[in-house]
Amino acid sequence: MIVSETSSNQASEHNQSKVLKPDTVQQSLSSDAFVQETALKVETGDEWQRLSLISILYFTIRNFTTSAQVLIYTIPALAISFNIWDNLLSPEVLIGAGILFLSTSGSGVISFLMYKFRVHNQHVEIHHGVFQRRYTNLPLWRIQNVKIERPFYYRPFGYALVVLDTAGSGKEEAKIVAVPEDYAEALKKQVLYEKAQFDEGALNGLGDEVISDGQSSSFPTQTTRAETIDASHSNEEVLNRRSVKDIIIHGITNNRVWIILGAAAPFYDDVFGVVSEWLADKGLQLNQLVGEQTVAWWQFGLYAFVVLMMLMALVALLSVGGALFTFYGYTLSRSGDRYIRRSGLLNKLEVSMRASRIQMITAKQDWLDKILKRVNLYFEQNSTAGQQMQELMSPNKLIVPSVTENEAFALSQEVMPGCDLRSRNYQTISKRFITFWLLAGWTLPFIVFFAIGAASSHLDIMLGALVVYGAVALLLTLRWWRWGIAYDNKYVYIRRGRVGVDYQCFEPYKAQQVIVKQSVFMKRRKQATIKFVLASGAVTVPFLPEEYVNKLADSVLFEVESTRKSWM
Amino acid sequence: MTISAQQETVFSNNQLSVEEIPSLKTLALLPISKKYRALNIFSIGLIALVLISIATVLRFQSFWSLPEGLLQAYPYVVAGIVALGSVWALYHFFADVRIFYAIREQDISKQSGLIFRKLSCQPILRVQHVEVNRGPLDRWAGLASLQVFSAGGEMHTFEIPGLSIERAEQLREFILAHKDIGAR
C-alpha cells in the first residue's frame with residue numbers, strides 16, 4: 001500500500017516539476033554537449049527493438065535454472081514412486097528427459113521472440129513474458145538504481161544486462177537482457193542524468209516554496225549539487241579496492257558458506273553417496289564404528305574431534321570460496337554524488353547508490369574480526385518492507401568487506417565528514433538492563449527447569465539450568481557493557497554488541513520518527529528507552545537516564561524540523 | 001534562477017539556547033474519544049460470544065457424535081474464553097483512557113501504554129501519506145483512526161485510534177495542508 005502511494009506521490013511531484021523542466025533541460029543541453037550526445041544514442045525511437053541473439057543463451061539458462069528449481073522438489077517423489085534409477089536408460093525416462101531438455105532450450109528462443117523493448121520519450125518500455133504477457137513502462141527519472149551485470153558468457157561478445165530498479169517494490173524491476181556494453185553505459189549515464197535533473201527540479205520547486213513562504217532557511221546543497229551534476233559523469237574516483245588476501249580474510253571471518261551451499265544444493269545426495277562409498281572403500285564404516293563396543297570412549301572422542309575439525313576446515317574453505325565468488329576484484333568508487341560497488345568472479349555485479357540516500361553507516365566487528373583488526377562497513381539506504389534481498393547483492397546495503405580499522409575510519413569520514421566512530425564518550429546504559437532481562441525473561445524458565453531437575457533428582461538438568469542461566473547473565477552483562485549512545489550535534493552514534501562490537505552512525509535530520517518508551521518501573525528510577533526510526537530501519541537504546549533521553553529526542557526533532565533537509 | 005533567488009534571501013542562523021528548543025515534556029496532551037474504550041470492550045464481548053456460541057453449537061448438536069473427552073472439556077473451554085476475554089477487556093478498560101495525542105506546528109505525537117508508556121513523535125515533514133480508516137464498528141460508533149505513513153516502514157506506522165470522525169478529518173486536513181508535505 002505504501003509503495004503504490006509513494007509512487008503516486010512521485011508522479012504528482014513529477015507533474016509539478018514538469019513545469020520547471022523545459023528550461024532546465026535546455027540549459028543543460030546547451031552547456032553539456034556530452035550529455036546531448038549520449039541522449040541521442042540512448043533513444044531508440046518509435047520502433048520496437050529486439051535484443052541481441054546472445055540473449056537466447058541467457059533466456060535458456062534462466063529457464064533451465066527455474067525449471068531445475070521446480071524439479072528439485074519433484075525428483076525425490078518421482079524417484080520413490082517410479083524407481084527411476086533402476087531403469088535409468090529405459091525409453092520412457094529418456095523420452096521424458098529429452099522432451100524436458102528440448103522444451104526448456106526451445107523456450108529460450110520463444111522468450112527471445114516474445115521480448116521487445118524501446119527507449120522512447122524518456123521512457124523505457126518493455127514487452128515480455130510468454131504465457132503471461134507483461135508490459136513495463138518506466139520513466140527514466142523514476143529509476144533509482146541501475147545495475148549492469150555481465151554474465152561470463154556475455155563477456156567475450158561485449159554484451160551486458162541492465163537491471164533498472166525503481167523505488168520500492170522488487171516487482172517493478174525491469175531487465176534489458178542483452179545490449180552492447182557501450183549502450184548499457186550510455187543508458188546508465190542518461191538515467192543518472194535524468195534522475196539528477198529531476199531531483200534538482202524537485203529541489204528547486206522546494207526552494208521556491210521556501211522563499212515564497214518568507215522562511216530564511218538555507219540550502220547549502222543547492223550550488224554544490226549543480227556542480228556535481230556536471231562533474232558526475234566524467235570522472236570516477238576509486239576509493240577502495242579489496243585484494244584477494246582481504247577477501248580470503250573476509251571469507252574466514254564471515255560465514256559465506258551459503259553462497260556455495262546454495263549453488264550446490266542439487267548435488268547434495270550425490271556427494272553424500274560418493275563420500276560414504278569412498279569411506280567404505282577405505283574399510284571404514286560409520287555404523288560399525290559407532291556400533292562396536294570395542295572402541296574406547298576416548299578413541300571415539302578423538303575420531304569425533306578430528307571429523308569436527310575437518311568439517312570446520314571444509315566450511316572455512318567453502319566460505320572463502322563464496323567470498324571470492326562474490327567479492328573478487330572488489331572496487332568501491334565515487335562518481336559525482338554516487339558510490340559504485342563492482343565485484344564478482346564469474347558475474348560482475350555493479351551496485352550504485354546516491355550519497356544523499358545513505359541513511360546510516362554501520363561498522364560491524366565480530367570477535368574474529370577484532371583479533372584480525374578488520375571491520376565490515378555497510379552503507380545503508382532506505383529499505384522497503386517486504387523486499388527481502390540477500391545482504392550481499394542488496395542495492396539497499398553497500399558493503400565494504402573486511403577493511404582495516406583505519407580504512408573503515410577513512411571511508412566513514414568520506415561518506416559522513418567529521419564522523420568519528422572510534423573515540424567517543426558514549427552514554428552507557430543502566431545496569432538495570434541486566435537485572436530487568438534476567439528477572440523478566442529468564443528467571444522463570446530457570447526456576448522451572450531447576451525445580452524439575454531437583455524433583456526428579458537429575459543433577460544434570462539442575463547443572464544445565466545453572467550453566468545456561470550463568471551464560472545468559474554473562475551475555476547480558478556483555479551487552480550492557482557495550483550498549484551506548486553519543487551525540488555530537490552533528491551525528492548520533494550508537495555502539496552495541498555482545499562479543500563483537502557494532503558501531504552505527506546517522507545524521508539526526510534523517511530521522512523519520514522518534515519514540516520514547518518508559519515503563520512504570522523505569523519512571524520511578526528516572527530512566528527511559530529511546531528509539532529512532534530511520535528509512536533504513538529502527539535503532540533502539542534502552543535504560544538511559546530520562547533527562548538525557550528527553551534532551552536527545554528534543555534535539556533530534558528540532559534538527560529534523562528546523563533544517564527541513566530531505567532524507568533522500 | 002532559483003539559485004540566484006536563493007542568495008537574495010536573508011540568511012539567519014541565530015544561536016539558540018537549549019531552553020529554546022521545544023520540549024516534548026511540555027506537550028498539551030488531548031485524550032481520544034471516550035467511546036473508543038466502550039467500543040473495544042463491546043467488540044471483545046462480541047468475539048467471546050461468537051466463540052462461546054460456536055463451542056455450544058458443537059456441544060449440543062446432534063449431527064455427529066463427539067469424543068467423550070471433548071464433551072467433558074466444554075465447560076473449561078467456555079471458562080477459558082470468558083477468562084481471557086475479561087483479562088483482555090480489563091486491559092482495554094485501563095489502557096484505552098491512557099491514549100493521548102498532541103499536535104504541534106511541526107509534528108504530531110501520541111502517548112499510549114499501560115505499563116510501558118510510549119511517546120512517539122512524527123515530524124510532519126517526513127510524512128509520506130495519510131489515511132483515515134473506519135471499520136464497520138467504527139462507523140457505527142462514529143469513530144475513525146488516523147494513520148500516518150513515513151518512510152520508516154509499515155512496522156512504524158503512526159496511528160491514532162478512536163478519534164471522532166470530524167477530528168480525524170480535521171487532523172488529516174491539517175497534515176495535508178502543511179507546507180512541508182510536498183517536500184518529501
# chains A, B, ... in the order shown; residues from 1 in each chain; ligands from 1

call {"tool": "interface_residues", "arguments": {"of": "chain A", "to": "chain B", "cutoff": "6 Å", "atoms": "only C-alpha atoms", "output": "list in words"}}
result
Ser216, Gln512, Gln513, Val514, Ile515, Val516, Lys517, Gln518, Ser519, Val520, Val533, Leu534, Ala535 and Asp554 of chain A

call {"tool": "residues_around", "arguments": {"residues": "Val549 in chain A", "least_positions_apart": "2", "cutoff": "12 Å", "atoms": "only C-alpha atoms", "output": "MDAnalysis selection string"}}
result
(chainID A and resid 427 429 485:487 514:518 526:532 540:547 551:556) or (chainID B and resid 23:25 119)

call {"tool": "select_by_dssp", "arguments": {"residues": "range 395-544 of chain A", "states": "strand (DSSP E or B)", "output": "MDAnalysis selection string"}}
result
chainID A and resid 397:404 427:428 484:487 492:496 501:506 513:519 527:534 537:544

call {"tool": "write_last_selection", "arguments": {"atoms": "C-alpha atoms", "output": "short mmCIF file (atom, residue, chain, number, x, y, z; two decimals), in the first residue's frame"}}
result
data_model
loop_
_atom_site.label_atom_id
_atom_site.label_comp_id
_atom_site.auth_asym_id
_atom_site.auth_seq_id
_atom_site.Cartn_x
_atom_site.Cartn_y
_atom_site.Cartn_z
CA LYS A 397 23.16 -2.03 1.60
CA LEU A 398 26.51 -1.25 0.16
CA ILE A 399 29.05 -3.47 1.85
CA VAL A 400 32.78 -2.88 2.00
CA PRO A 401 34.11 -6.24 3.16
CA SER A 402 36.85 -6.66 5.77
CA VAL A 403 38.56 -3.30 5.64
CA THR A 404 41.19 -2.42 8.21
CA GLN A 427 26.47 7.47 27.37
CA THR A 428 26.25 3.90 28.65
CA GLY A 484 25.79 3.15 24.45
CA ILE A 485 24.85 6.28 22.56
CA ALA A 486 26.54 9.57 21.78
CA TYR A 487 25.51 12.79 20.11
CA VAL A 492 24.22 10.32 16.54
CA TYR A 493 26.43 7.33 17.31
CA ILE A 494 25.34 4.01 18.71
CA ARG A 495 27.62 1.30 19.98
CA ARG A 496 26.31 -2.19 20.59
CA VAL A 501 31.12 -4.58 18.51
CA ASP A 502 28.92 -2.74 16.04
CA TYR A 503 29.08 0.98 15.57
CA GLN A 504 26.25 2.85 13.91
CA CYS A 505 26.23 6.47 12.90
CA PHE A 506 23.48 8.58 11.38
CA GLN A 513 10.09 9.25 13.83
CA VAL A 514 11.28 9.49 17.43
CA ILE A 515 9.86 7.24 20.12
CA VAL A 516 10.43 7.47 23.86
CA LYS A 517 9.39 4.49 25.96
CA GLN A 518 9.20 4.28 29.69
CA SER A 519 7.73 1.63 31.93
CA GLN A 527 15.19 6.07 33.11
CA ALA A 528 13.82 5.77 29.60
CA THR A 529 14.34 4.00 26.28
CA ILE A 530 14.83 5.92 23.06
CA LYS A 531 14.12 4.67 19.57
CA PHE A 532 14.86 6.36 16.29
CA VAL A 533 13.04 5.23 13.18
CA LEU A 534 15.08 5.77 10.04
CA GLY A 537 15.32 0.60 9.93
CA ALA A 538 14.99 1.46 13.60
CA VAL A 539 17.63 1.76 16.29
CA THR A 540 16.89 1.45 20.00
CA VAL A 541 18.91 2.26 23.07
CA PRO A 542 17.26 1.20 26.34
CA PHE A 543 17.68 2.21 30.00
CA LEU A 544 19.19 5.64 29.53
#

call {"tool": "select_by_dssp", "arguments": {"residues": "range 82-124 of chain B", "states": "alpha helix (DSSP H)", "output": "list in words"}}
result
Val82, Ala83, Leu84, Gly85, Ser86, Val87, Trp88, Ala89, Leu90, Tyr91, His92, Phe93, Phe94 and Ala95 of chain B

call {"tool": "write_last_selection", "arguments": {"atoms": "C-alpha atoms", "output": "short mmCIF file (atom, residue, chain, number, x, y, z; two decimals), in the first residue's frame"}}
result
data_model
loop_
_atom_site.label_atom_id
_atom_site.label_comp_id
_atom_site.auth_asym_id
_atom_site.auth_seq_id
_atom_site.Cartn_x
_atom_site.Cartn_y
_atom_site.Cartn_z
CA VAL B 82 -14.55 -15.90 29.46
CA ALA B 83 -11.34 -15.56 31.49
CA LEU B 84 -9.18 -14.50 28.52
CA GLY B 85 -11.90 -12.15 27.31
CA SER B 86 -12.21 -10.46 30.66
CA VAL B 87 -8.43 -10.02 31.05
CA TRP B 88 -8.34 -8.51 27.58
CA ALA B 89 -11.33 -6.26 28.36
CA LEU B 90 -9.78 -5.25 31.67
CA TYR B 91 -6.61 -4.25 29.85
CA HIS B 92 -8.57 -2.05 27.48
CA PHE B 93 -10.56 -0.62 30.40
CA PHE B 94 -7.38 0.74 31.93
CA ALA B 95 -5.19 1.25 28.86
#

call {"tool": "residues_around", "arguments": {"residues": "Gly142 in chain B", "least_positions_apart": "3", "cutoff": "8 Å", "atoms": "only C-alpha atoms", "output": "MDAnalysis selection string"}}
result
chainID B and resid 138:139 164:165

call {"tool": "residues_around", "arguments": {"residues": "Ile54 in chain B", "least_positions_apart": "6", "cutoff": "12 Å", "atoms": "only C-alpha atoms", "output": "compact mmCIF listing (two decimals) with N, CA and C atoms, in the first residue's frame"}}
result
# COMPACT_ATOMS: atom_id res chain seq x y z
N ILE B 47 -16.74 -10.94 20.30
CA ILE B 47 -15.87 -12.05 19.86
C ILE B 47 -16.04 -13.24 20.80
N ALA B 48 -16.01 -12.95 22.13
CA ALA B 48 -16.16 -14.03 23.11
C ALA B 48 -17.50 -14.73 22.93
N PHE B 60 -23.90 -29.21 21.59
CA PHE B 60 -25.27 -29.69 21.71
C PHE B 60 -25.90 -30.08 20.38
N GLN B 61 -25.13 -30.09 19.28
CA GLN B 61 -25.72 -30.53 18.02
C GLN B 61 -25.85 -32.05 18.04
N TYR B 74 -15.90 -29.08 27.49
CA TYR B 74 -16.75 -27.93 27.15
C TYR B 74 -16.79 -26.83 28.22
N VAL B 77 -13.54 -24.98 28.31
CA VAL B 77 -13.35 -24.12 27.13
C VAL B 77 -14.10 -22.81 27.33
N VAL B 78 -15.35 -22.91 27.76
CA VAL B 78 -16.16 -21.71 27.96
C VAL B 78 -15.52 -20.83 29.04
N ILE B 81 -12.46 -19.07 27.62
CA ILE B 81 -12.80 -17.94 26.74
C ILE B 81 -13.21 -16.74 27.58

call {"tool": "atom_distance", "arguments": {"atom1": "CA of Tyr491 in chain A", "atom2": "CA of Gln413 in chain A"}}
result
11.8 Å

call {"tool": "atom_distance", "arguments": {"atom1": "CA of Asn63 in chain A", "atom2": "CA of Pro91 in chain A"}}
result
25.0 Å

call {"tool": "residues_around", "arguments": {"residues": "Glu407 in chain A", "least_positions_apart": "5", "cutoff": "12 Å", "atoms": "only C-alpha atoms", "output": "ChimeraX atom specification"}}
result
/A:239-242,363,373-377,400-402,412-414

call {"tool": "closest_residue", "arguments": {"among": "B:Gly45, B:Gly162, B:Gly80, B:Pro31", "to": "Arg134 in chain B", "atoms": "only C-alpha atoms"}}
result
B:Gly162

call {"tool": "decode", "arguments": {"residues": "range 426-511 of chain A", "atoms": "C-alpha atoms", "output": "PDB file, in the first residue's frame"}}
result
ATOM      1  CA  TYR A 426      29.319   7.138  24.926  1.00  0.00           C
ATOM      2  CA  GLN A 427      26.475   7.474  27.366  1.00  0.00           C
ATOM      3  CA  THR A 428      26.253   3.899  28.651  1.00  0.00           C
ATOM      4  CA  ILE A 429      23.003   2.256  29.652  1.00  0.00           C
ATOM      5  CA  SER A 430      21.990   1.442  33.205  1.00  0.00           C
ATOM      6  CA  LYS A 431      22.809  -1.858  34.913  1.00  0.00           C
ATOM      7  CA  ARG A 432      19.075  -2.214  35.420  1.00  0.00           C
ATOM      8  CA  PHE A 433      19.083  -3.545  31.853  1.00  0.00           C
ATOM      9  CA  ILE A 434      20.767  -6.752  33.075  1.00  0.00           C
ATOM     10  CA  THR A 435      18.570  -7.280  36.090  1.00  0.00           C
ATOM     11  CA  PHE A 436      15.424  -6.451  34.143  1.00  0.00           C
ATOM     12  CA  TRP A 437      16.037  -9.031  31.426  1.00  0.00           C
ATOM     13  CA  LEU A 438      17.275 -11.660  33.867  1.00  0.00           C
ATOM     14  CA  LEU A 439      14.235 -11.244  36.079  1.00  0.00           C
ATOM     15  CA  ALA A 440      11.619 -10.651  33.401  1.00  0.00           C
ATOM     16  CA  GLY A 441      12.817 -13.081  30.774  1.00  0.00           C
ATOM     17  CA  TRP A 442      14.978 -15.816  32.206  1.00  0.00           C
ATOM     18  CA  THR A 443      14.300 -16.384  35.890  1.00  0.00           C
ATOM     19  CA  LEU A 444      11.001 -18.187  35.414  1.00  0.00           C
ATOM     20  CA  PRO A 445      12.290 -20.816  32.936  1.00  0.00           C
ATOM     21  CA  PHE A 446      15.374 -21.244  35.101  1.00  0.00           C
ATOM     22  CA  ILE A 447      13.326 -21.917  38.233  1.00  0.00           C
ATOM     23  CA  VAL A 448      11.055 -24.294  36.346  1.00  0.00           C
ATOM     24  CA  PHE A 449      13.930 -26.341  34.942  1.00  0.00           C
ATOM     25  CA  PHE A 450      15.837 -26.265  38.215  1.00  0.00           C
ATOM     26  CA  ALA A 451      12.747 -27.432  40.062  1.00  0.00           C
ATOM     27  CA  ILE A 452      12.170 -30.217  37.546  1.00  0.00           C
ATOM     28  CA  GLY A 453      15.768 -31.317  37.981  1.00  0.00           C
ATOM     29  CA  ALA A 454      15.515 -31.192  41.758  1.00  0.00           C
ATOM     30  CA  ALA A 455      12.184 -33.023  41.859  1.00  0.00           C
ATOM     31  CA  SER A 456      13.316 -35.821  39.586  1.00  0.00           C
ATOM     32  CA  SER A 457      16.756 -35.769  41.251  1.00  0.00           C
ATOM     33  CA  HIS A 458      18.551 -35.313  37.946  1.00  0.00           C
ATOM     34  CA  LEU A 459      21.726 -33.437  38.748  1.00  0.00           C
ATOM     35  CA  ASP A 460      22.491 -32.857  35.048  1.00  0.00           C
ATOM     36  CA  ILE A 461      19.267 -30.914  34.468  1.00  0.00           C
ATOM     37  CA  MET A 462      19.950 -28.757  37.526  1.00  0.00           C
ATOM     38  CA  LEU A 463      23.520 -28.112  36.422  1.00  0.00           C
ATOM     39  CA  GLY A 464      22.421 -27.447  32.857  1.00  0.00           C
ATOM     40  CA  ALA A 465      19.876 -24.875  34.009  1.00  0.00           C
ATOM     41  CA  LEU A 466      22.510 -23.222  36.170  1.00  0.00           C
ATOM     42  CA  VAL A 467      25.042 -23.104  33.320  1.00  0.00           C
ATOM     43  CA  VAL A 468      22.526 -21.693  30.823  1.00  0.00           C
ATOM     44  CA  TYR A 469      21.394 -19.085  33.342  1.00  0.00           C
ATOM     45  CA  GLY A 470      25.003 -18.126  34.024  1.00  0.00           C
ATOM     46  CA  ALA A 471      25.772 -17.886  30.295  1.00  0.00           C
ATOM     47  CA  VAL A 472      22.715 -15.704  29.726  1.00  0.00           C
ATOM     48  CA  ALA A 473      23.747 -13.456  32.600  1.00  0.00           C
ATOM     49  CA  LEU A 474      27.224 -13.163  31.107  1.00  0.00           C
ATOM     50  CA  LEU A 475      25.908 -12.322  27.642  1.00  0.00           C
ATOM     51  CA  LEU A 476      23.534  -9.730  29.092  1.00  0.00           C
ATOM     52  CA  THR A 477      26.407  -8.200  31.022  1.00  0.00           C
ATOM     53  CA  LEU A 478      28.494  -8.003  27.858  1.00  0.00           C
ATOM     54  CA  ARG A 479      25.600  -6.457  26.039  1.00  0.00           C
ATOM     55  CA  TRP A 480      25.088  -3.913  28.802  1.00  0.00           C
ATOM     56  CA  TRP A 481      28.773  -3.130  28.750  1.00  0.00           C
ATOM     57  CA  ARG A 482      28.765  -2.400  25.006  1.00  0.00           C
ATOM     58  CA  TRP A 483      25.494  -0.604  24.574  1.00  0.00           C
ATOM     59  CA  GLY A 484      25.792   3.147  24.451  1.00  0.00           C
ATOM     60  CA  ILE A 485      24.850   6.277  22.562  1.00  0.00           C
ATOM     61  CA  ALA A 486      26.540   9.574  21.782  1.00  0.00           C
ATOM     62  CA  TYR A 487      25.515  12.788  20.106  1.00  0.00           C
ATOM     63  CA  ASP A 488      27.927  15.488  18.988  1.00  0.00           C
ATOM     64  CA  ASN A 489      25.436  17.962  17.457  1.00  0.00           C
ATOM     65  CA  LYS A 490      26.202  16.607  14.001  1.00  0.00           C
ATOM     66  CA  TYR A 491      25.792  12.845  14.230  1.00  0.00           C
ATOM     67  CA  VAL A 492      24.221  10.324  16.541  1.00  0.00           C
ATOM     68  CA  TYR A 493      26.426   7.332  17.313  1.00  0.00           C
ATOM     69  CA  ILE A 494      25.344   4.011  18.710  1.00  0.00           C
ATOM     70  CA  ARG A 495      27.619   1.297  19.978  1.00  0.00           C
ATOM     71  CA  ARG A 496      26.309  -2.188  20.588  1.00  0.00           C
ATOM     72  CA  GLY A 497      27.137  -5.858  20.516  1.00  0.00           C
ATOM     73  CA  ARG A 498      27.949  -8.758  22.795  1.00  0.00           C
ATOM     74  CA  VAL A 499      31.296 -10.284  21.946  1.00  0.00           C
ATOM     75  CA  GLY A 500      31.838  -8.294  18.780  1.00  0.00           C
ATOM     76  CA  VAL A 501      31.117  -4.581  18.506  1.00  0.00           C
ATOM     77  CA  ASP A 502      28.917  -2.737  16.036  1.00  0.00           C
ATOM     78  CA  TYR A 503      29.077   0.983  15.573  1.00  0.00           C
ATOM     79  CA  GLN A 504      26.255   2.854  13.908  1.00  0.00           C
ATOM     80  CA  CYS A 505      26.230   6.467  12.895  1.00  0.00           C
ATOM     81  CA  PHE A 506      23.480   8.576  11.380  1.00  0.00           C
ATOM     82  CA  GLU A 507      22.644  12.185  10.786  1.00  0.00           C
ATOM     83  CA  PRO A 508      19.821  13.230  13.132  1.00  0.00           C
ATOM     84  CA  TYR A 509      17.926  15.137  10.451  1.00  0.00           C
ATOM     85  CA  LYS A 510      17.278  11.861   8.611  1.00  0.00           C
ATOM     86  CA  ALA A 511      15.079  10.524  11.424  1.00  0.00           C
TER      87      ALA A 511
END
